[in-house]
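Pasting query-v1.cif here (mmCIF, C-alpha atoms and all ligand atoms):
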```
data_start
loop_
_atom_site.label_atom_id
_atom_site.label_comp_id
_atom_site.auth_asym_id
_atom_site.auth_seq_id
_atom_site.Cartn_x
_atom_site.Cartn_y
_atom_site.Cartn_z
CA MET A 744 11.48 17.68 -11.35
CA LYS A 745 10.77 17.77 -7.64
CA ILE A 746 9.00 15.23 -5.46
CA GLU A 747 5.48 16.54 -5.00
CA SER A 748 3.98 13.95 -2.67
CA VAL A 749 4.86 10.80 -0.76
CA ASP A 750 1.95 8.65 0.41
CA PHE A 751 1.84 5.42 2.40
CA PHE A 752 -0.88 2.78 2.22
CA TYR A 753 -1.03 0.12 4.93
CA LEU A 754 -2.79 -2.95 3.56
CA SER A 755 -3.68 -6.16 5.33
CA MET A 756 -5.57 -9.40 4.98
CA PRO A 757 -8.60 -9.50 7.32
CA GLU A 758 -6.71 -11.93 9.55
CA VAL A 759 -2.92 -12.18 9.98
CA LEU A 760 -1.85 -15.71 10.93
CA ASP A 761 1.20 -16.71 12.98
CA ILE A 762 2.94 -18.40 10.01
CA GLY A 763 6.11 -17.65 8.04
CA ASP A 764 4.21 -15.92 5.24
CA GLY A 765 5.19 -12.31 4.59
CA SER A 766 2.40 -11.68 2.10
CA GLN A 767 -0.28 -11.16 4.75
CA ASP A 768 0.13 -7.42 4.99
CA ALA A 769 1.93 -4.78 2.95
CA LEU A 770 3.07 -1.20 2.97
CA LEU A 771 2.90 0.56 -0.39
CA VAL A 772 4.59 3.87 -1.11
CA ARG A 773 3.32 6.22 -3.83
CA ILE A 774 5.50 9.11 -4.97
CA ARG A 775 4.30 11.71 -7.45
CA ALA A 776 6.22 14.18 -9.61
CA GLY A 777 5.77 15.77 -13.04
CA GLY A 778 2.42 14.16 -13.76
CA HIS A 779 3.70 10.64 -13.07
CA GLU A 780 3.64 8.34 -10.08
CA GLY A 781 5.94 5.59 -8.89
CA TRP A 782 5.12 2.75 -6.51
CA GLY A 783 7.25 0.78 -4.12
CA GLU A 784 6.63 -1.81 -1.43
CA CYS A 785 8.39 -2.04 1.92
CA GLU A 786 8.97 -5.56 3.25
CA ALA A 787 8.42 -4.27 6.75
CA SER A 788 6.00 -3.74 9.59
CA PRO A 789 3.68 -1.15 8.02
CA LEU A 790 2.73 0.94 11.06
CA THR A 791 6.29 1.10 12.38
CA SER A 792 7.54 2.21 8.99
CA ILE A 793 4.91 4.93 8.62
CA ALA A 794 5.88 6.16 12.08
CA SER A 795 9.54 6.41 11.04
CA TYR A 796 8.51 8.65 8.14
CA VAL A 797 6.59 11.14 10.26
CA CYS A 798 7.97 10.90 13.81
CA PRO A 799 9.24 14.04 15.58
CA THR A 800 12.96 14.75 15.33
CA SER A 801 14.94 13.45 18.31
CA HIS A 802 18.28 14.98 17.34
CA SER A 803 20.27 15.81 14.25
CA ALA A 804 20.98 12.16 13.37
CA CYS A 805 17.53 10.94 14.35
CA LYS A 806 15.10 12.71 12.07
CA PRO A 807 12.00 11.35 10.38
CA LEU A 808 12.62 10.12 6.83
CA LYS A 809 10.39 12.78 5.37
CA SER A 810 13.05 15.39 6.12
CA SER A 811 15.34 13.66 3.57
CA VAL A 812 12.71 13.07 0.91
CA GLU A 813 10.03 15.70 0.51
CA GLY A 814 10.60 18.37 -2.12
CA ARG A 815 13.90 16.84 -3.31
CA PRO A 816 14.76 16.76 -7.02
CA VAL A 817 14.43 13.51 -8.93
CA ASN A 818 15.95 13.98 -12.38
CA ASP A 819 18.37 11.06 -12.54
CA ILE A 820 19.59 8.17 -10.42
CA LYS A 821 22.17 10.37 -8.74
CA ASP A 822 19.27 12.19 -7.09
CA ILE A 823 17.88 8.90 -5.79
CA ARG A 824 21.29 7.91 -4.43
CA LYS A 825 21.54 11.33 -2.80
CA ILE A 826 18.25 10.76 -1.00
CA SER A 827 19.48 7.37 0.19
CA GLN A 828 22.67 8.93 1.50
CA LEU A 829 20.75 11.73 3.18
CA VAL A 830 18.47 9.25 4.95
CA HIS A 831 21.52 7.43 6.28
CA GLU A 832 22.98 10.68 7.59
CA GLN A 833 19.83 12.21 9.02
CA SER A 834 18.13 9.04 10.28
CA LEU A 835 21.25 7.23 11.44
CA ASP A 836 19.74 6.39 14.82
CA LEU A 837 16.34 5.39 13.49
CA LEU A 838 16.43 1.60 13.21
CA GLN A 839 13.43 1.39 10.91
CA ALA A 840 15.01 3.81 8.42
CA ASP A 841 16.27 1.31 5.84
CA HIS A 842 13.01 -0.63 5.89
CA THR A 843 11.08 2.51 5.08
CA LEU A 844 13.71 3.84 2.69
CA SER A 845 13.43 0.59 0.73
CA GLY A 846 9.88 1.30 -0.43
CA ILE A 847 10.68 4.96 -1.05
CA ASP A 848 13.80 4.14 -3.09
CA ILE A 849 11.90 1.56 -5.15
CA ALA A 850 9.06 4.05 -5.79
CA LEU A 851 11.61 6.67 -6.86
CA TYR A 852 13.17 4.28 -9.40
CA ASP A 853 9.71 3.38 -10.68
CA LEU A 854 8.84 7.08 -10.94
CA LEU A 855 12.08 8.01 -12.70
CA GLY A 856 11.70 5.12 -15.15
CA ARG A 857 8.18 6.31 -15.96
CA LEU A 858 9.32 9.93 -16.33
CA LYS A 859 12.02 8.82 -18.80
CA ASN A 860 9.93 6.01 -20.29
CA VAL A 861 12.56 3.33 -19.69
CA PRO A 862 12.68 0.23 -17.47
CA VAL A 863 14.49 0.50 -14.13
CA PHE A 864 17.23 -1.92 -15.27
CA ASP A 865 18.05 0.55 -18.05
CA LEU A 866 18.48 3.31 -15.45
CA LEU A 867 20.94 0.98 -13.68
CA GLY A 868 23.00 0.74 -16.86
CA TYR A 869 22.02 -2.75 -18.05
CA LYS A 870 21.73 -2.80 -21.84
CA LYS A 871 20.92 -6.50 -21.95
CA VAL A 872 18.94 -8.57 -19.48
CA TYR A 873 18.88 -12.32 -18.91
CA PRO A 874 16.12 -14.80 -18.04
CA LYS A 875 16.09 -16.23 -14.53
CA ILE A 876 15.13 -19.68 -13.28
CA PRO A 877 12.24 -19.11 -10.89
CA TYR A 878 11.99 -21.46 -7.96
CA ALA A 879 8.50 -22.15 -6.70
CA SER A 880 8.86 -20.87 -3.16
CA GLN A 881 6.53 -22.48 -0.68
CA LEU A 882 6.14 -23.70 2.87
CA PHE A 883 6.67 -27.31 3.96
CA ALA A 884 3.31 -28.99 4.43
CA ASP A 885 2.25 -30.37 7.81
CA THR A 886 2.96 -33.98 6.79
CA PRO A 887 5.54 -35.58 4.46
CA GLU A 888 2.69 -36.97 2.34
CA GLU A 889 1.40 -33.44 1.72
CA THR A 890 4.93 -32.15 1.03
CA PHE A 891 5.27 -34.94 -1.56
CA GLU A 892 2.00 -33.85 -3.18
CA LYS A 893 3.07 -30.20 -3.26
CA ALA A 894 6.38 -31.08 -4.90
CA LYS A 895 4.65 -33.33 -7.41
CA ARG A 896 2.18 -30.60 -8.34
CA THR A 897 5.05 -28.13 -8.75
CA ARG A 898 6.85 -30.47 -11.12
CA ALA A 899 3.64 -31.08 -13.09
CA ASP A 900 3.26 -27.31 -13.29
CA GLY A 901 6.55 -27.12 -15.23
CA PHE A 902 8.84 -25.48 -12.67
CA ARG A 903 12.57 -26.12 -12.99
CA ALA A 904 13.18 -25.47 -9.30
CA VAL A 905 11.30 -25.66 -6.03
CA LYS A 906 11.96 -24.51 -2.50
CA PHE A 907 10.37 -25.75 0.69
CA GLY A 908 10.80 -23.99 3.97
CA TRP A 909 9.53 -23.18 7.44
CA GLY A 910 6.46 -25.10 8.65
CA PRO A 911 7.40 -28.19 10.70
CA PHE A 912 10.99 -28.36 9.37
CA GLY A 913 13.91 -28.41 11.80
CA LYS A 914 12.15 -29.52 14.96
CA ASN A 915 12.63 -33.29 14.71
CA ILE A 916 15.33 -34.95 12.66
CA SER A 917 13.44 -38.05 11.57
CA ASN A 918 10.46 -35.96 10.53
CA ASP A 919 12.84 -33.66 8.64
CA VAL A 920 14.36 -36.61 6.78
CA ASP A 921 10.86 -37.77 5.81
CA HIS A 922 9.98 -34.30 4.51
CA LEU A 923 13.24 -34.01 2.58
CA ASN A 924 12.78 -37.41 0.94
CA ALA A 925 9.15 -36.62 0.18
CA ALA A 926 10.15 -33.31 -1.42
CA ARG A 927 12.78 -34.96 -3.62
CA GLU A 928 10.50 -37.83 -4.59
CA GLY A 929 7.73 -35.45 -5.56
CA ALA A 930 10.07 -33.11 -7.40
CA GLY A 931 11.81 -35.90 -9.29
CA PRO A 932 15.56 -36.14 -9.90
CA GLU A 933 15.93 -33.19 -12.28
CA MET A 934 14.44 -30.23 -10.44
CA LEU A 935 16.61 -27.97 -8.33
CA LEU A 936 15.51 -28.42 -4.72
CA MET A 937 16.22 -25.67 -2.21
CA ILE A 938 15.59 -26.09 1.51
CA ASP A 939 14.83 -23.17 3.81
CA ALA A 940 15.24 -23.87 7.52
CA GLY A 941 13.68 -20.52 8.40
CA THR A 942 16.24 -19.77 11.20
CA VAL A 943 14.86 -22.69 13.20
CA TRP A 944 18.19 -23.67 14.79
CA GLY A 945 18.96 -20.20 16.13
CA ASP A 946 22.75 -20.46 16.29
CA ASP A 947 23.02 -24.18 17.12
CA VAL A 948 25.57 -25.55 14.65
CA GLN A 949 25.20 -29.14 15.87
CA GLU A 950 21.49 -29.23 15.15
CA ALA A 951 22.09 -27.91 11.65
CA ALA A 952 25.06 -30.18 10.97
CA SER A 953 23.03 -33.24 11.93
CA ARG A 954 20.82 -32.60 8.88
CA LEU A 955 23.64 -32.30 6.35
CA LYS A 956 23.74 -35.97 5.41
CA ALA A 957 20.03 -36.01 4.62
CA LEU A 958 20.36 -32.76 2.68
CA GLU A 959 23.22 -34.22 0.64
CA GLU A 960 21.24 -37.38 -0.06
CA VAL A 961 18.41 -35.39 -1.62
CA ASN A 962 20.94 -33.28 -3.52
CA ALA A 963 19.75 -30.04 -1.94
CA TYR A 964 20.81 -27.07 -4.05
CA TRP A 965 21.24 -24.98 -0.93
CA LEU A 966 20.41 -24.89 2.77
CA GLU A 967 18.86 -21.53 3.54
CA GLU A 968 18.79 -19.67 6.84
CA PRO A 969 19.85 -22.45 9.20
CA PHE A 970 20.45 -19.67 11.76
CA PHE A 971 19.29 -16.22 12.73
CA ASN A 972 20.41 -13.49 10.40
CA LEU A 973 23.96 -12.35 11.19
CA SER A 974 24.81 -15.40 13.33
CA LEU A 975 28.12 -15.15 11.53
CA GLN A 976 30.13 -17.63 13.57
CA ALA A 977 27.46 -20.28 13.28
CA TYR A 978 27.17 -19.75 9.53
CA GLN A 979 30.94 -19.90 9.15
CA SER A 980 31.27 -23.05 11.27
CA LEU A 981 28.54 -24.87 9.39
CA SER A 982 29.97 -23.86 6.02
CA ASN A 983 33.30 -25.37 7.10
CA VAL A 984 31.71 -28.80 7.57
CA SER A 985 29.16 -28.67 4.77
CA GLN A 986 31.05 -30.08 1.81
CA LYS A 987 28.31 -30.49 -0.73
CA VAL A 988 25.45 -28.23 0.29
CA PRO A 989 26.16 -24.50 0.06
CA LEU A 990 24.52 -22.17 2.54
CA ALA A 991 22.15 -19.39 1.58
CA GLY A 992 21.12 -16.46 3.73
CA GLY A 993 20.75 -12.75 4.02
CA GLU A 994 17.05 -12.10 3.52
CA GLY A 995 16.91 -10.65 7.02
CA CYS A 996 19.60 -8.08 6.28
CA SER A 997 17.97 -4.72 6.81
CA ASN A 998 20.84 -2.64 5.52
CA GLU A 999 23.77 -2.91 3.17
CA ALA A 1000 26.41 -3.30 5.89
CA GLN A 1001 24.67 -6.39 7.29
CA ALA A 1002 24.59 -8.00 3.86
CA ARG A 1003 28.28 -7.28 3.33
CA ALA A 1004 29.02 -8.91 6.69
CA MET A 1005 27.11 -12.03 5.66
CA ILE A 1006 29.07 -12.16 2.38
CA ASP A 1007 32.42 -11.55 4.08
CA HIS A 1008 32.06 -13.66 7.22
CA GLY A 1009 29.14 -16.09 6.81
CA GLY A 1010 30.78 -18.59 4.46
CA ILE A 1011 27.64 -18.51 2.33
CA GLY A 1012 27.39 -19.52 -1.31
CA PHE A 1013 24.25 -17.48 -1.97
CA ILE A 1014 23.34 -14.04 -0.64
CA GLN A 1015 19.59 -13.46 -0.68
CA ILE A 1016 18.67 -9.82 -0.83
CA ASP A 1017 15.23 -8.36 -0.33
CA ALA A 1018 15.21 -4.98 -2.09
CA GLY A 1019 12.17 -4.08 0.01
CA ARG A 1020 14.16 -4.42 3.21
CA VAL A 1021 17.84 -3.79 2.53
CA GLY A 1022 17.48 -0.15 1.46
CA GLY A 1023 15.81 -0.45 -1.93
CA ILE A 1024 17.20 -0.85 -5.43
CA THR A 1025 20.13 1.47 -4.68
CA ALA A 1026 21.49 -0.80 -1.94
CA ALA A 1027 20.56 -4.03 -3.73
CA HIS A 1028 22.35 -2.96 -6.91
CA ARG A 1029 25.51 -2.15 -4.94
CA LEU A 1030 25.30 -5.58 -3.32
CA VAL A 1031 25.05 -7.26 -6.73
CA LYS A 1032 28.43 -5.76 -7.56
CA TYR A 1033 29.86 -6.66 -4.17
CA ALA A 1034 28.67 -10.28 -4.40
CA SER A 1035 30.23 -10.55 -7.88
CA GLU A 1036 33.57 -9.39 -6.55
CA LYS A 1037 33.40 -11.91 -3.71
CA ASN A 1038 32.28 -14.86 -5.86
CA VAL A 1039 29.05 -15.23 -3.97
CA GLN A 1040 25.87 -15.86 -5.95
CA TYR A 1041 23.28 -13.09 -5.68
CA VAL A 1042 19.65 -14.19 -5.42
CA ASN A 1043 16.61 -12.02 -4.87
CA HIS A 1044 14.45 -12.59 -1.84
CA THR A 1045 10.79 -11.78 -2.29
CA PHE A 1046 7.70 -13.25 -0.79
CA THR A 1047 5.06 -10.71 -1.64
CA SER A 1048 3.56 -9.05 -4.74
CA ASN A 1049 4.62 -8.88 -8.39
CA LEU A 1050 5.53 -5.23 -7.74
CA ALA A 1051 8.07 -6.46 -5.17
CA LEU A 1052 9.18 -9.28 -7.47
CA SER A 1053 9.93 -6.80 -10.25
CA ALA A 1054 11.81 -4.51 -7.84
CA SER A 1055 13.84 -7.50 -6.64
CA LEU A 1056 14.74 -8.57 -10.19
CA GLN A 1057 15.90 -5.18 -11.51
CA PRO A 1058 19.19 -4.95 -9.56
CA TYR A 1059 20.59 -8.16 -11.10
CA ALA A 1060 18.57 -8.40 -14.30
CA GLY A 1061 21.65 -7.71 -16.41
CA VAL A 1062 23.95 -10.27 -14.76
CA ASP A 1063 23.90 -13.57 -16.63
CA ASN A 1064 25.86 -15.46 -13.95
CA PHE A 1065 23.17 -14.93 -11.32
CA LYS A 1066 20.50 -17.21 -12.66
CA ILE A 1067 18.13 -18.02 -9.82
CA SER A 1068 15.06 -16.09 -8.75
CA GLU A 1069 12.69 -16.61 -5.89
CA TYR A 1070 9.14 -16.90 -7.16
CA PRO A 1071 6.43 -17.07 -4.51
CA VAL A 1072 3.56 -19.40 -5.38
CA GLU A 1073 1.47 -19.28 -2.22
CA LEU A 1074 0.66 -15.60 -2.03
CA LYS A 1075 -2.26 -14.33 -0.06
CA GLN A 1076 -4.94 -12.67 -2.20
CA LEU A 1077 -3.78 -9.23 -1.07
CA ALA A 1078 -0.32 -9.74 -2.58
CA LYS A 1079 -1.83 -11.18 -5.76
CA ASP A 1080 -4.04 -8.12 -6.13
CA ILE A 1081 -1.29 -5.51 -5.73
CA GLY A 1082 0.24 -5.50 -9.24
CA ASN A 1083 -1.89 -5.01 -12.35
CA GLU A 1084 0.68 -6.85 -14.52
CA LYS A 1085 1.94 -10.34 -13.75
CA ILE A 1086 5.40 -11.83 -14.19
CA GLU A 1087 4.66 -15.25 -15.67
CA ARG A 1088 6.96 -18.09 -16.73
CA ASP A 1089 7.66 -18.58 -20.42
CA ALA A 1090 7.25 -21.90 -22.24
CA GLU A 1091 10.70 -23.04 -21.08
CA GLY A 1092 9.99 -22.21 -17.45
CA TYR A 1093 12.03 -19.00 -17.19
CA ILE A 1094 10.92 -15.56 -16.05
CA HIS A 1095 11.94 -12.21 -17.50
CA VAL A 1096 12.25 -8.83 -15.89
CA PRO A 1097 9.37 -6.63 -17.13
CA GLN A 1098 10.18 -4.48 -20.17
CA GLY A 1099 7.67 -1.74 -19.33
CA ALA A 1100 8.64 1.71 -18.04
CA GLY A 1101 9.73 1.83 -14.41
CA LEU A 1102 9.06 -1.47 -12.70
CA GLY A 1103 6.65 -2.45 -15.46
CA VAL A 1104 4.08 -3.34 -12.81
CA SER A 1105 1.48 -0.71 -11.97
CA VAL A 1106 -0.78 -0.27 -8.96
CA ASN A 1107 -4.38 0.86 -8.84
CA ILE A 1108 -5.06 1.76 -5.24
CA GLU A 1109 -8.82 1.88 -5.85
CA ASN A 1110 -8.73 -1.88 -6.47
CA LEU A 1111 -7.10 -2.37 -3.07
CA ARG A 1112 -9.53 -0.31 -0.95
CA LYS A 1113 -10.87 -3.33 0.89
CA TYR A 1114 -7.40 -4.11 2.28
CA ILE A 1115 -6.58 -0.61 3.54
CA VAL A 1116 -5.95 -0.34 7.26
CA ASP A 1117 -7.08 3.13 8.25
CA VAL A 1118 -4.39 4.81 10.34
CA GLU A 1119 -4.10 8.13 12.09
CA ILE A 1120 -1.03 9.15 14.12
CA LYS A 1121 -1.44 12.08 16.50
CA VAL A 1122 1.19 13.87 18.54
CA GLN A 1123 0.14 16.53 21.07
CA GLY A 1124 -3.31 16.52 19.52
CA LYS A 1125 -1.95 17.24 16.04
CA VAL A 1126 -2.44 14.68 13.27
CA ILE A 1127 0.97 13.91 11.74
CA TYR A 1128 -0.20 11.06 9.52
CA GLN A 1129 -3.50 9.99 8.11
CA THR A 1130 -4.25 7.34 5.48
CA PRO A 1131 -4.65 9.25 2.19
CA ALA A 1132 -8.27 9.65 1.06
CA ASN A 1133 -7.32 8.66 -2.51
MG MG B 1201 13.85 -17.73 3.41
#
```

Written as structure tokens, that's how I'd like the structure from this file.
Ligand SMILES: [Mg+2]
Amino acid sequence: MKIESVDFFYLSMPEVLDIGDGSQDALLVRIRAGGHEGWGECEASPLTSIASYVCPTSHSACKPLKSSVEGRPVNDIKDIRKISQLVHEQSLDLLQADHTLSGIDIALYDLLGRLKNVPVFDLLGYKKVYPKIPYASQLFADTPEETFEKAKRTRADGFRAVKFGWGPFGKNISNDVDHLNAAREGAGPEMLLMIDAGTVWGDDVQEAASRLKALEEVNAYWLEEPFFNLSLQAYQSLSNVSQKVPLAGGEGCSNEAQARAMIDHGGIGFIQIDAGRVGGITAAHRLVKYASEKNVQYVNHTFTSNLALSASLQPYAGVDNFKISEYPVELKQLAKDIGNEKIERDAEGYIHVPQGAGLGVSVNIENLRKYIVDVEIKVQGKVIYQTPAN
């Protein structure tokens, strides 16, 4: 079976706001072969990623991704890994390559699963899969009172875990303490409470360390992204003084080497991997194994559709020790509309990786027409990319 077509669809909400919400636009990849199609989603800037797929060759290690993908065989996962390797060789100098590869790799796994009529986790060799504890991932509200209400609603909704992040957090310590206390009060004593600083302290260890006492007092399960991605020294320094609150990070890693560096040198307790950014399921699955070896907990990062959620769950679906899953609860309508099937919590509050073929979440592009951003890229008067007509 050979890849017959690779199509990109740039989708967006009518208005993109300047907030830490990655579900406002999306780039979907559709790959067809043998009468089937697979879908993937890049967690990336859509236009930039499309450009990396079609751009002119600059030199032998700076080629467009299409030169490593189109017409290649896709009969088993070795073929998908080969494509990933080829992209790294031929697009070595193209910084967007792993972002774009992520959606392609995910679509290839989905396609192969559908061709063989098995779930992606089965392709990865998992014979048994385990439920995950989804944490209701949401932004801090503008005021502590509203944060309290959000946490209370989440508890009433039956979640076992909740995460608050971004928004006003990190800018003023007394306001932060109020938000943390409000979150814990609303969530009650039992729920796991994760806090996401959204890189607000840059690489300022003192600023971050000054919040540790308050984080300990609310029994924070982790402190996420206190610093910019790959601020390794800052991460390491903070982890040395944070006795009770483990650090989490890694969602910003846009290739496997970055994630390994965070595991090896960041002092983190949790590595958060976005399969739509790190290089797809191929890279994420390798990082699951690496994290296991290094005694770091693997957690998915995902803040978009159920298609992306399924892709993020597959790489660690068969590892019982890695129990936590991000579960976005404030998606924009676009992200809600992307997958035809939904990953819902069971009566005990757990989620399960879909059992359907491929990712178990399908896409009907006709239902998403209203979100499509029409794009045409021209070089020397020649059209090198155009949004597919259907
Ligand atoms: Mg985060």

**Asked** Interatomic distance between atom CA of Phe752 of chain A and atom CA of Val1116 of chain A?
**Response**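 That distance, rounded to one decimal, is 7.8 Å.
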
Counting all atoms listed in the file, write as a tab-separated table (two decimals) with C-alpha atoms, keeping the file's coordinate frame all protein and nucleic acid residues lying at most 8 Å from (16.2, -3.8, -16.3) in the file's frame.
```
chain	number	residue	atom	x	y	z
A	862	PRO	CA	12.68	0.23	-17.47
A	863	VAL	CA	14.49	0.50	-14.13
A	864	PHE	CA	17.23	-1.92	-15.27
A	865	ASP	CA	18.05	0.55	-18.05
A	866	LEU	CA	18.48	3.31	-15.45
A	867	LEU	CA	20.94	0.98	-13.68
A	869	TYR	CA	22.02	-2.75	-18.05
A	870	LYS	CA	21.73	-2.80	-21.84
A	871	LYS	CA	20.92	-6.50	-21.95
A	872	VAL	CA	18.94	-8.57	-19.48
A	1056	LEU	CA	14.74	-8.57	-10.19
A	1057	GLN	CA	15.90	-5.18	-11.51
A	1058	PRO	CA	19.19	-4.95	-9.56
A	1060	ALA	CA	18.57	-8.40	-14.30
A	1061	GLY	CA	21.65	-7.71	-16.41
A	1096	VAL	CA	12.25	-8.83	-15.89
A	1097	PRO	CA	9.37	-6.63	-17.13
A	1098	GLN	CA	10.18	-4.48	-20.17
```

Quick one: contact table of segment 1008-1089 of chain A to segment 945-966 of chain A, 12 Å max, nearest atom pair and distance in Å to one decimal per residue, counting only C-alpha atoms, chain and number order, as JSON lines?
```
{"residue": "A:Ile1011", "atom": "CA", "partner": "A:Leu966", "partner_atom": "CA", "distance": 9.7}
{"residue": "A:Gly1012", "atom": "CA", "partner": "A:Trp965", "partner_atom": "CA", "distance": 8.2}
{"residue": "A:Phe1013", "atom": "CA", "partner": "A:Trp965", "partner_atom": "CA", "distance": 8.1}
{"residue": "A:Ile1014", "atom": "CA", "partner": "A:Trp965", "partner_atom": "CA", "distance": 11.1}
{"residue": "A:Gln1015", "atom": "CA", "partner": "A:Trp965", "partner_atom": "CA", "distance": 11.6}
{"residue": "A:Gln1040", "atom": "CA", "partner": "A:Trp965", "partner_atom": "CA", "distance": 11.4}
{"residue": "A:Val1042", "atom": "CA", "partner": "A:Trp965", "partner_atom": "CA", "distance": 11.8}
{"residue": "A:Ile1067", "atom": "CA", "partner": "A:Tyr964", "partner_atom": "CA", "distance": 11.1}
```

**Item:** Expected selection as a ChimeraX atom specification for ligand MG 1201 (chain B) within 8 Å, only C-alpha atoms and all ligand atoms
**Value:** /A:908,939-941,967-968,992,994,1044

**Item:** Spatial neighbours of segment 879-893 of chain A, 10 Å, all atoms listed in the file, chain gap at least 4 places, as number ranges by chain
**Value:** A: 762-764, 897-900, 902-912, 918-930, 936-941, 1045-1046, 1068-1074

**Item:** Separation of atom CA of Asp1007 of chain A from atom CA of Ser1053 of chain A, in Å and rounded to one decimal
**Value:**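 Atom-to-atom, atom CA of Asp1007 of chain A to atom CA of Ser1053 of chain A, that is 27.1 Å.
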
**Message:** Nearest residue to Gly856 of chain A out of A:Cys798, A:Ala1027, A:Val1104, A:Cys805, using only C-alpha atoms?
**Reply:**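 That would be A:Val1104, the residue with the smallest distance to Gly856 of chain A.
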
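Distances from A:Val772, A:Ile916, A:Ala787, A:Ala1051 to Lys1079 of chain A were compared using only C-alpha atoms, and the smallest one belongs to A:Ala1051.
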
**Request:** Find the distance between atom CA of Val861 of chain A and atom CA of Asp819 of chain A and write it in Å to one decimal.
**Result:**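 We find that atom CA of Val861 of chain A and atom CA of Asp819 of chain A lie 12.0 Å from each other.
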
**Request:** Go through A:Val759, A:Ala894, A:Val1062, A:Ile1094 and flag the residue nearest Asn1049 of chain A, using all atoms listed in the file for the distances.
**Result:**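 Among the listed residues, the smallest separation from Asn1049 of chain A belongs to A:Ile1094.
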
**Message:** Just checking: using only C-alpha atoms, which residue out of A:Glu747, A:Arg1003, A:His1008, A:Leu1102 ends up closest to Ser980 of chain A?
**Reply:**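 Ranking A:Glu747, A:Arg1003, A:His1008, A:Leu1102 by distance to Ser980 of chain A, first place goes to A:His1008.
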